Amino acid sequence: MPVATLAVRRPSASARYLPHLVFLVAVVGTLVRLFELNHELCWRIAPPMAALALLYAAGLARWDNLGSWARPAWLGLLLLLWSWVAWNLPARLTFGYTWLAVPLAVLALRMPTRAARTTALGILTALLVAALLRAAGGFDPDVLAPPVAALWATVFLYRAQQRLTRELAATRGELARQQQEAGRLAERARIARDLHDTLAQELSGSRMLLQAAERAWDRRPDVARRQVRAVTGALGEHLAQTRGIIDDLTPPLLARDGLEAALRDLCARTGSAAGAPRITFHTEHEPCSLRTDQAVALLRVTQGALANACEHARARHVHVTLAYGGRATAAVEVLDDGVGFDTTAPLLTVSGRGFGLAAARDRLAVLGGTLSIDSEPGHGTRVHAALRAEDRVPVGTR
């Protein structure tokens, strides 16, 4: 039974950009109000406010390149400019400007160490309270409470969101581990079935023939020799079956030359069979390296889809495309012009191999991939197997 997948959702776009929107509204709104009032401080305060906005935007744009010491220094400059402007604004404009404390609190929570986060939040709260006391001309709860409450509500909500994200990530990791374990168990069960249905039974039959030959060796040597020859021929078949099982685990061509070569060979061999459709193969974009289990999964899904196209769809042409990059690490599409089928009906199974489209979907799901099937009677079938981009393995690694 497939293990359910739990996706860890990132914060929505509105949640990510809301603090920056608050910053923009507060800065632009204050500047517009200064110009409207034609205040004598306008030209002295406008440059530091513009510098604050530019420094804020530059830090966000270069965030990933800022070191562990550069981020606190950058936040310190922002707090210095913000507090200077808040202290020099006319009192009636200070209240709206102090709402910049909300996005600054979010930045403080992103500092690299706990000490830096605690210090930044403490300084920010003190500066906010000082600016509000100056604007109100003294202690006024109606003036102090809303911005301070908003600042600390932001802190608690941000921390709660981080904790929830960590818990969801841990849950997703555990489910992924369980899925991989389920995939390994399913593969072991498949190998056990293959061994039981082929080698175990046939070796048992060969053993019985050898025992019979041993009993008949003195009295009927001709019969004994025929039985030995039969066992010899059967052992050759057993060896071929054993190699087939090994190839099913990791085909030699795939291990040696990669997925593209294995798919090209598969298409050539399948298309050369008597009565097979014309099969074309091509690739798109620059190839990337895949883990062996990923490459084997895509190869087996393609093998199953081609078998369906040849045995069930009565297709005349089949197009196989291996695409790299984009939203998926690698994707294989098998498109045929056959009879098609109703996708709401039970999925087809490849005759004689026990590997159907439903099994292909489960196999990809274990690796975090997806299988989509588009078809309708009389209009061919499109099978698209893709592995997610986050499962990508850098070229040269395994």
# chains A, B, ... in the order shown; residues from 1 in each chain; ligands from 1

call {"tool": "residues_around", "arguments": {"residues": "A:Leu78", "least_positions_apart": "2", "cutoff": "10 Å", "atoms": "only C-alpha atoms", "output": "PyMOL selection string"}}
result
chain A and resi 51-53+55-56+59+72-76+80-84+104

call {"tool": "select_by_dssp", "arguments": {"residues": "stretch 35-253 of chain A", "states": "alpha helix (DSSP H)", "output": "PyMOL selection string"}}
result
chain A and resi 35-37+42-61+70-88+91-97+101-109+114-136+141-195+201-216+221-249+252-253

call {"tool": "residues_around", "arguments": {"residues": "A:Tyr324", "least_positions_apart": "5", "cutoff": "6 Å", "atoms": "only C-alpha atoms", "output": "PyMOL selection string"}}
result
chain A and resi 285+287+329-330

call {"tool": "residues_around", "arguments": {"residues": "A:Leu364", "least_positions_apart": "6", "cutoff": "8 Å", "atoms": "only C-alpha atoms", "output": "list in words"}}
result
Ala297, Leu298, Thr370, Leu371, Ala385, Ala386 and Leu387 of chain A

call {"tool": "write_last_selection", "arguments": {"atoms": "N, CA, C and O atoms", "output": "PDB file, in the first residue's frame"}}
result
ATOM      1  N   ALA A 297      14.084   3.687 -12.186  1.00  0.00           N
ATOM      2  CA  ALA A 297      12.635   3.903 -12.151  1.00  0.00           C
ATOM      3  C   ALA A 297      12.136   4.466 -13.475  1.00  0.00           C
ATOM      4  O   ALA A 297      11.130   3.998 -14.030  1.00  0.00           O
ATOM      5  N   LEU A 298      12.817   5.483 -14.013  1.00  0.00           N
ATOM      6  CA  LEU A 298      12.386   6.062 -15.286  1.00  0.00           C
ATOM      7  C   LEU A 298      12.511   5.050 -16.425  1.00  0.00           C
ATOM      8  O   LEU A 298      11.657   4.999 -17.321  1.00  0.00           O
ATOM      9  N   THR A 370       6.229  11.816 -10.111  1.00  0.00           N
ATOM     10  CA  THR A 370       4.808  11.779 -10.485  1.00  0.00           C
ATOM     11  C   THR A 370       4.652  11.068 -11.826  1.00  0.00           C
ATOM     12  O   THR A 370       5.575  11.056 -12.654  1.00  0.00           O
ATOM     13  N   LEU A 371       3.473  10.503 -12.028  1.00  0.00           N
ATOM     14  CA  LEU A 371       3.120   9.881 -13.303  1.00  0.00           C
ATOM     15  C   LEU A 371       1.763  10.418 -13.724  1.00  0.00           C
ATOM     16  O   LEU A 371       0.791  10.311 -12.979  1.00  0.00           O
ATOM     17  N   ALA A 385       6.297  10.689 -17.055  1.00  0.00           N
ATOM     18  CA  ALA A 385       6.903  10.356 -15.760  1.00  0.00           C
ATOM     19  C   ALA A 385       7.959  11.397 -15.442  1.00  0.00           C
ATOM     20  O   ALA A 385       8.827  11.681 -16.278  1.00  0.00           O
ATOM     21  N   ALA A 386       7.900  11.985 -14.231  1.00  0.00           N
ATOM     22  CA  ALA A 386       8.821  13.066 -13.879  1.00  0.00           C
ATOM     23  C   ALA A 386       9.308  12.892 -12.450  1.00  0.00           C
ATOM     24  O   ALA A 386       8.570  12.440 -11.572  1.00  0.00           O
ATOM     25  N   LEU A 387      10.557  13.276 -12.240  1.00  0.00           N
ATOM     26  CA  LEU A 387      11.138  13.341 -10.908  1.00  0.00           C
ATOM     27  C   LEU A 387      11.255  14.799 -10.513  1.00  0.00           C
ATOM     28  O   LEU A 387      11.614  15.648 -11.326  1.00  0.00           O
TER      29      LEU A 387
END

call {"tool": "residues_around", "arguments": {"residues": "A:Ala230", "least_positions_apart": "2", "cutoff": "12 Å", "atoms": "only C-alpha atoms", "output": "PyMOL selection string"}}
result
chain A and resi 202+205-210+212-213+223-228+232-237

call {"tool": "write_last_selection", "arguments": {"atoms": "N, CA and C atoms", "output": "PDB file, in the first residue's frame"}}
result
ATOM      1  N   GLU A 202      12.004 -24.349 -11.050  1.00  0.00           N
ATOM      2  CA  GLU A 202      12.738 -25.049 -12.101  1.00  0.00           C
ATOM      3  C   GLU A 202      13.951 -25.795 -11.552  1.00  0.00           C
ATOM      4  N   GLY A 205      12.639 -28.929 -10.193  1.00  0.00           N
ATOM      5  CA  GLY A 205      12.405 -29.897 -11.256  1.00  0.00           C
ATOM      6  C   GLY A 205      13.696 -30.516 -11.759  1.00  0.00           C
ATOM      7  N   SER A 206      14.749 -29.700 -11.888  1.00  0.00           N
ATOM      8  CA  SER A 206      16.043 -30.229 -12.323  1.00  0.00           C
ATOM      9  C   SER A 206      16.596 -31.220 -11.310  1.00  0.00           C
ATOM     10  N   ARG A 207      16.430 -30.917 -10.049  1.00  0.00           N
ATOM     11  CA  ARG A 207      16.904 -31.838  -9.008  1.00  0.00           C
ATOM     12  C   ARG A 207      16.193 -33.182  -9.117  1.00  0.00           C
ATOM     13  N   MET A 208      14.883 -33.152  -9.363  1.00  0.00           N
ATOM     14  CA  MET A 208      14.132 -34.398  -9.497  1.00  0.00           C
ATOM     15  C   MET A 208      14.622 -35.192 -10.715  1.00  0.00           C
ATOM     16  N   LEU A 209      14.941 -34.496 -11.821  1.00  0.00           N
ATOM     17  CA  LEU A 209      15.450 -35.191 -13.004  1.00  0.00           C
ATOM     18  C   LEU A 209      16.802 -35.834 -12.723  1.00  0.00           C
ATOM     19  N   LEU A 210      17.678 -35.134 -12.008  1.00  0.00           N
ATOM     20  CA  LEU A 210      18.985 -35.695 -11.683  1.00  0.00           C
ATOM     21  C   LEU A 210      18.844 -36.904 -10.763  1.00  0.00           C
ATOM     22  N   ALA A 212      16.283 -38.913 -10.712  1.00  0.00           N
ATOM     23  CA  ALA A 212      15.781 -39.997 -11.555  1.00  0.00           C
ATOM     24  C   ALA A 212      16.890 -40.578 -12.430  1.00  0.00           C
ATOM     25  N   ALA A 213      17.777 -39.674 -12.948  1.00  0.00           N
ATOM     26  CA  ALA A 213      18.888 -40.154 -13.767  1.00  0.00           C
ATOM     27  C   ALA A 213      19.832 -41.022 -12.957  1.00  0.00           C
ATOM     28  N   VAL A 223      18.203 -43.426 -20.983  1.00  0.00           N
ATOM     29  CA  VAL A 223      17.223 -42.547 -20.331  1.00  0.00           C
ATOM     30  C   VAL A 223      17.925 -41.577 -19.390  1.00  0.00           C
ATOM     31  N   ALA A 224      18.900 -42.070 -18.643  1.00  0.00           N
ATOM     32  CA  ALA A 224      19.636 -41.218 -17.707  1.00  0.00           C
ATOM     33  C   ALA A 224      20.365 -40.105 -18.439  1.00  0.00           C
ATOM     34  N   ARG A 225      20.970 -40.421 -19.608  1.00  0.00           N
ATOM     35  CA  ARG A 225      21.678 -39.387 -20.369  1.00  0.00           C
ATOM     36  C   ARG A 225      20.705 -38.326 -20.890  1.00  0.00           C
ATOM     37  N   ARG A 226      19.526 -38.776 -21.352  1.00  0.00           N
ATOM     38  CA  ARG A 226      18.537 -37.786 -21.811  1.00  0.00           C
ATOM     39  C   ARG A 226      18.121 -36.853 -20.671  1.00  0.00           C
ATOM     40  N   GLN A 227      17.951 -37.434 -19.476  1.00  0.00           N
ATOM     41  CA  GLN A 227      17.575 -36.602 -18.330  1.00  0.00           C
ATOM     42  C   GLN A 227      18.683 -35.625 -17.957  1.00  0.00           C
ATOM     43  N   VAL A 228      19.924 -36.073 -18.036  1.00  0.00           N
ATOM     44  CA  VAL A 228      21.046 -35.171 -17.740  1.00  0.00           C
ATOM     45  C   VAL A 228      21.118 -34.060 -18.778  1.00  0.00           C
ATOM     46  N   THR A 232      20.874 -30.105 -18.217  1.00  0.00           N
ATOM     47  CA  THR A 232      21.886 -29.168 -18.727  1.00  0.00           C
ATOM     48  C   THR A 232      21.229 -28.023 -19.496  1.00  0.00           C
ATOM     49  N   GLY A 233      20.269 -28.356 -20.353  1.00  0.00           N
ATOM     50  CA  GLY A 233      19.557 -27.304 -21.081  1.00  0.00           C
ATOM     51  C   GLY A 233      18.769 -26.402 -20.162  1.00  0.00           C
ATOM     52  N   ALA A 234      18.121 -27.021 -19.137  1.00  0.00           N
ATOM     53  CA  ALA A 234      17.343 -26.213 -18.195  1.00  0.00           C
ATOM     54  C   ALA A 234      18.244 -25.273 -17.404  1.00  0.00           C
ATOM     55  N   LEU A 235      19.462 -25.764 -17.048  1.00  0.00           N
ATOM     56  CA  LEU A 235      20.383 -24.899 -16.288  1.00  0.00           C
ATOM     57  C   LEU A 235      20.808 -23.693 -17.123  1.00  0.00           C
ATOM     58  N   GLY A 236      20.926 -23.895 -18.437  1.00  0.00           N
ATOM     59  CA  GLY A 236      21.222 -22.742 -19.291  1.00  0.00           C
ATOM     60  C   GLY A 236      20.107 -21.710 -19.241  1.00  0.00           C
ATOM     61  N   GLU A 237      18.859 -22.195 -19.246  1.00  0.00           N
ATOM     62  CA  GLU A 237      17.730 -21.274 -19.130  1.00  0.00           C
ATOM     63  C   GLU A 237      17.712 -20.600 -17.755  1.00  0.00           C
TER      64      GLU A 237
END

call {"tool": "atom_distance", "arguments": {"atom1": "atom CA of A:Gly369", "atom2": "atom CA of A:Arg388"}}
result
5.6 Å
